[in-house]
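Working notes for the structure below.
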Amino acid sequence: MTSEERHTVIRVEELSIGYFTKKNESIISQAISLSAKQGELIAIVGPNGAGKSTLLRTLLGMQPKISGRIEVKQLALESYNSHDLAQQISVVLTEAPASKNLSVLEFVSLGRQPYTNWIGALAQKDKEAIAKALQLTETETLSHKNCFELSDGQLQRVAIARALAQDTPIIFLDEPTTHLDLYHKAYLFKLLKKLCKEENKTIIFSTHEIDLAIQLTDKMLILHNKKSHFESPCNLIEAKKFASLFPEEIIGFDAKTGRFVIKE
Ligand SMILES: Nc1ncnc2c1ncn2[C@@H]1O[C@H](COP(=O)(O)OP(=O)(O)OP(=O)(O)O)[C@@H](O)[C@H]1O
C-alpha cells in the first residue's frame with residue numbers, strides 16, 4: 001500500500017448517479033471522480049438540482065449508483081453492511097431531527113448506537129465520546145435542554161455533536177448552513193475546518209455558500225450540467241470553472257477575490 005493509498009479514505013471513480021424509473025434510467029451527473037484524504041475538508045457545490053444531495057445519498061449507499069466505483073478505506077462501498085459503515089461514516093442531514101422531544105444529551109448519545117449493546121447502555125468509553133463531542137461543538141451548556149428549545153444554529157451544532165459522538169473518520173453533511181445567519185455560517189465553517197485539522201476528520205459537505213467554501217476548503221467538487229470538476233479552489237478558479245456556473249448576464253465571478261458578484 002502506498003502512502004497515498006493509506007491516507008485516502010474515500011475514492012470515487014467514474015461514478016454516474018441518478019434515478020431508475022420503470023423503463024430506463026435518468027442520469028443526473030456522470031464521470032464523477034474524487035478522492036478524500038484524512039483531515040481534508042471537501043465541499044460539493046453546484047446550482048439547484050445539480051445532484052449534490054443525490055451524490056451524498058449515493059456515497060452513503062442510501063440509493064443505488066448507476067455505474068462506477070465507490071471505495072471507503074480501500075474497500076468497495078457494497079462490501080460494508082450498515083453496522084460497519086456506521087463506524088466509518090456519520091451523517092448530518094438538513095431535516096430537523098425527528099426526535100426533537102429528546103434532550104440534547106439524549107440526542108447526542110444516539111451517535112453511540114453503532115457501539116452500544118442491544119439495550120443501548122452507555123459504557124465509560126461512550127460517555128467520554130459524548131462529552132468530547134459536546135465540548136468540541138461548544139454545546140455542553142445546552143445538554144439538558146430539549147432539542148425543540150434550540151435555535152437553528154444550536155440545533156446544527158448539536159447534530160454535528162451527534163455525528164462526532166459516532167466517532168467515525170468520515171463525516172458527511174448536507175447543506176449544513178441552511179437557515180443560518182452569516183456569523184453562524186462562518187462559525188460552522190470554522191468548526192468543520194477545526195475538526196479536520198485537529199481531529200483528523202475527513203468532512204464532505206454540500207453547500208450553496210461557494211464564496212465561503214472557496215476560502216476554507218481543501219478541495220471542491222463542482223457539479224454542473226451533468227459534468228463535474230474536482231480540484232483545489234485555487235485550481236478551479238484558475239481553470240475558470242466558477243465563471244460559468246450561473247447565467248453570466250446576471251452573476252459574474254471575480255477571480256481576484258474568489259467571490260460572485262451580481263451584475264447591474
Ligand atoms: N426521488 C427522485 N426521483 C427522481 N428524480 C429525483 C429524485 N430526487 C431528486 N431527483 C432529481 O434529481 C436532480 C438532482 O436533485 P438533488 O436534490 O440531488 O440536487 P441538489 O444539487 O441537491 O439540489 P438543491 O441545491 O436544490 O438541494 C433534480 O433534477 C431532482 O429533480
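To be explicit about the labels: the chains of the C-alpha cells are called A, B, and onward in the order shown, and within each one the residues are counted from 1, while ligands get numbers from 1 in the order they are shown.
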Skip Asp126 in chain A itself and residues of its chain fewer than 3 positions away, then list as a list in words all residues within 9 Å of it, counting only C-alpha atoms.
Ser109, Arg112, Tyr115, Thr116, Leu122, Ala123, Ala129, Ile130, Ala131 and Ala165 of chain A
Could you save those same residues with C-alpha atoms as a PDB file, in the first residue's frame?
ATOM      1  CA  SER A 109     -25.956   9.851  22.821  1.00  0.00           C
ATOM      2  CA  ARG A 112     -23.119   5.835  20.094  1.00  0.00           C
ATOM      3  CA  TYR A 115     -21.147   0.681  19.593  1.00  0.00           C
ATOM      4  CA  THR A 116     -23.653   0.137  22.398  1.00  0.00           C
ATOM      5  CA  LEU A 122     -23.582   3.516  27.692  1.00  0.00           C
ATOM      6  CA  ALA A 123     -20.146   2.328  28.810  1.00  0.00           C
ATOM      7  CA  ALA A 129     -17.010  10.202  23.354  1.00  0.00           C
ATOM      8  CA  ILE A 130     -20.261  12.088  24.097  1.00  0.00           C
ATOM      9  CA  ALA A 131     -18.512  14.535  26.451  1.00  0.00           C
ATOM     10  CA  ALA A 165     -20.103  11.034  19.168  1.00  0.00           C
TER      11      ALA A 165
END
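Taking only C-alpha atoms and all ligand atoms into account, the residues that come within 7 Å of ligand 1 are A:Gly18, A:Tyr19, A:Ile28, A:Gly46, A:Pro47, A:Asn48, A:Gly49, A:Ala50, A:Gly51, A:Lys52, A:Ser53, A:Thr54, A:Leu55, A:His208.
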List as a PDB file with C-alpha atoms, in the first residue's frame the protein and nucleic acid residues near Glu138 in chain A, meaning an atom at most 10 Å away when only C-alpha atoms are counted, but skip any in the same chain fewer than 2 places from it.
ATOM      1  CA  LYS A 132     -15.808  15.195  23.843  1.00  0.00           C
ATOM      2  CA  ALA A 133     -18.408  15.752  21.117  1.00  0.00           C
ATOM      3  CA  LEU A 134     -20.258  18.295  23.293  1.00  0.00           C
ATOM      4  CA  GLN A 135     -17.005  20.034  24.146  1.00  0.00           C
ATOM      5  CA  LEU A 136     -15.768  20.252  20.522  1.00  0.00           C
ATOM      6  CA  GLU A 140     -22.103  21.388  26.902  1.00  0.00           C
ATOM      7  CA  THR A 141     -24.280  24.139  28.364  1.00  0.00           C
ATOM      8  CA  LEU A 142     -27.184  23.018  26.162  1.00  0.00           C
ATOM      9  CA  GLN A 154     -27.627  25.491  18.115  1.00  0.00           C
ATOM     10  CA  ARG A 157     -24.056  22.224  16.319  1.00  0.00           C
ATOM     11  CA  VAL A 158     -25.917  19.542  18.283  1.00  0.00           C
ATOM     12  CA  ALA A 161     -22.063  16.677  18.084  1.00  0.00           C
ATOM     13  CA  LEU A 191     -15.808  24.409  13.235  1.00  0.00           C
TER      14      LEU A 191
END
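When only C-alpha atoms are used to compute distances to Thr202 in chain A, the closest of the residues A:Leu105, A:Ile170, A:Ile66, A:Leu15 turns out to be A:Ile170.
Distances here use only C-alpha atoms; by that measure, the residue among A:Leu60, A:Leu102, A:Leu164, A:Leu236 closest to Glu149 in chain A is A:Leu102.
For the pair CA of Ala43 in chain A and CA of Thr94 in chain A, the separation is 15.4 Å.
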For Ser232 in chain A, work out the shell of residues within 8 Å, counting only C-alpha atoms and skipping chain neighbours fewer than 4 positions away, then give it as a list of chain:residue names.
A:Thr217, A:Asp218, A:Lys219, A:Met220, A:Leu236
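Those residues in range 162-195 of chain A carrying a DSSP assignment of strand (DSSP E or B), computed from the backbone, are Ile170, Ile171, Phe172, Leu173 and Asp174 of chain A.
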Which residue is closest to Lys256 in chain A? Choose from A:Ala31, A:Leu59, A:Ile237, A:Ala159 and count only C-alpha atoms.
A:Ile237
Best match for closeness to Ile204 in chain A among A:Gln113, A:Val91, A:Ile160, A:Ala239, counting only C-alpha atoms:
A:Val91
Using DSSP on the backbone coordinates, identify the residues of range 27-149 of chain A assigned to helix (DSSP H, G or I); present them as an NGL selection string.
:A and (52-59 or 77-79 or 82-85 or 104-112 or 124-136 or 140-142 or 147-149)
Show me, as a PDB file with N, CA and C atoms, in the first residue's frame, the residues that have an atom within 7 Å of Val12 in chain A when counting only C-alpha atoms, minus same-chain residues fewer than 2 positions from it.
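The result, written out as around29.pdb:
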ATOM      1  N   ILE A  10     -11.765   7.955   1.080  1.00  0.00           N
ATOM      2  CA  ILE A  10     -12.849   7.730   0.109  1.00  0.00           C
ATOM      3  C   ILE A  10     -12.301   7.941  -1.280  1.00  0.00           C
ATOM      4  N   GLU A  14     -15.268   7.412 -11.823  1.00  0.00           N
ATOM      5  CA  GLU A  14     -16.200   7.322 -12.961  1.00  0.00           C
ATOM      6  C   GLU A  14     -17.622   6.994 -12.507  1.00  0.00           C
ATOM      7  N   LEU A  15     -18.062   7.699 -11.497  1.00  0.00           N
ATOM      8  CA  LEU A  15     -19.382   7.413 -10.920  1.00  0.00           C
ATOM      9  C   LEU A  15     -20.487   8.136 -11.691  1.00  0.00           C
ATOM     10  N   SER A  33     -15.302  11.784 -10.386  1.00  0.00           N
ATOM     11  CA  SER A  33     -14.152  11.162  -9.735  1.00  0.00           C
ATOM     12  C   SER A  33     -13.667  12.089  -8.644  1.00  0.00           C
ATOM     13  N   LEU A  34     -13.381  11.522  -7.480  1.00  0.00           N
ATOM     14  CA  LEU A  34     -12.804  12.330  -6.402  1.00  0.00           C
ATOM     15  C   LEU A  34     -12.090  11.410  -5.431  1.00  0.00           C
ATOM     16  N   SER A  35     -11.191  12.001  -4.659  1.00  0.00           N
ATOM     17  CA  SER A  35     -10.610  11.230  -3.567  1.00  0.00           C
ATOM     18  C   SER A  35     -10.443  12.162  -2.380  1.00  0.00           C
ATOM     19  N   ARG A  69     -17.387   3.295  -9.410  1.00  0.00           N
ATOM     20  CA  ARG A  69     -16.879   2.637  -8.212  1.00  0.00           C
ATOM     21  C   ARG A  69     -16.762   3.622  -7.044  1.00  0.00           C
ATOM     22  N   ILE A  70     -17.206   3.166  -5.876  1.00  0.00           N
ATOM     23  CA  ILE A  70     -17.054   3.958  -4.641  1.00  0.00           C
ATOM     24  C   ILE A  70     -16.291   3.085  -3.646  1.00  0.00           C
ATOM     25  N   GLU A  71     -15.159   3.607  -3.151  1.00  0.00           N
ATOM     26  CA  GLU A  71     -14.390   2.865  -2.152  1.00  0.00           C
ATOM     27  C   GLU A  71     -14.316   3.650  -0.860  1.00  0.00           C
TER      28      GLU A  71
END
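Residues within 8 Å of Pro169 in chain A, counting only C-alpha atoms and excluding same-chain residues fewer than 4 positions away, are Gln38, Gln88, Ile89, Asn200, Lys201 and Thr202 of chain A.
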Could you write out that same residue set with C-alpha atoms as a PDB file, in the first residue's frame?
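The result, stored in again-v7.pdb:
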ATOM      1  CA  GLN A  38      -7.654  12.038   6.205  1.00  0.00           C
ATOM      2  CA  GLN A  88     -16.779   4.735   9.093  1.00  0.00           C
ATOM      3  CA  ILE A  89     -19.241   7.455   8.059  1.00  0.00           C
ATOM      4  CA  ASN A 200      -8.108  14.495  11.564  1.00  0.00           C
ATOM      5  CA  LYS A 201     -11.686  14.042  10.333  1.00  0.00           C
ATOM      6  CA  THR A 202     -12.460  13.899   6.634  1.00  0.00           C
TER       7      THR A 202
END
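Considering the residues A:Ile222, A:Gln74, A:Asp84, A:Thr207 and counting only C-alpha atoms, Thr178 in chain A has its shortest atom-to-atom contact with A:Thr207.
Relative to CA of Leu85 in chain A, CA of Ala121 in chain A is found at 21.1 Å.
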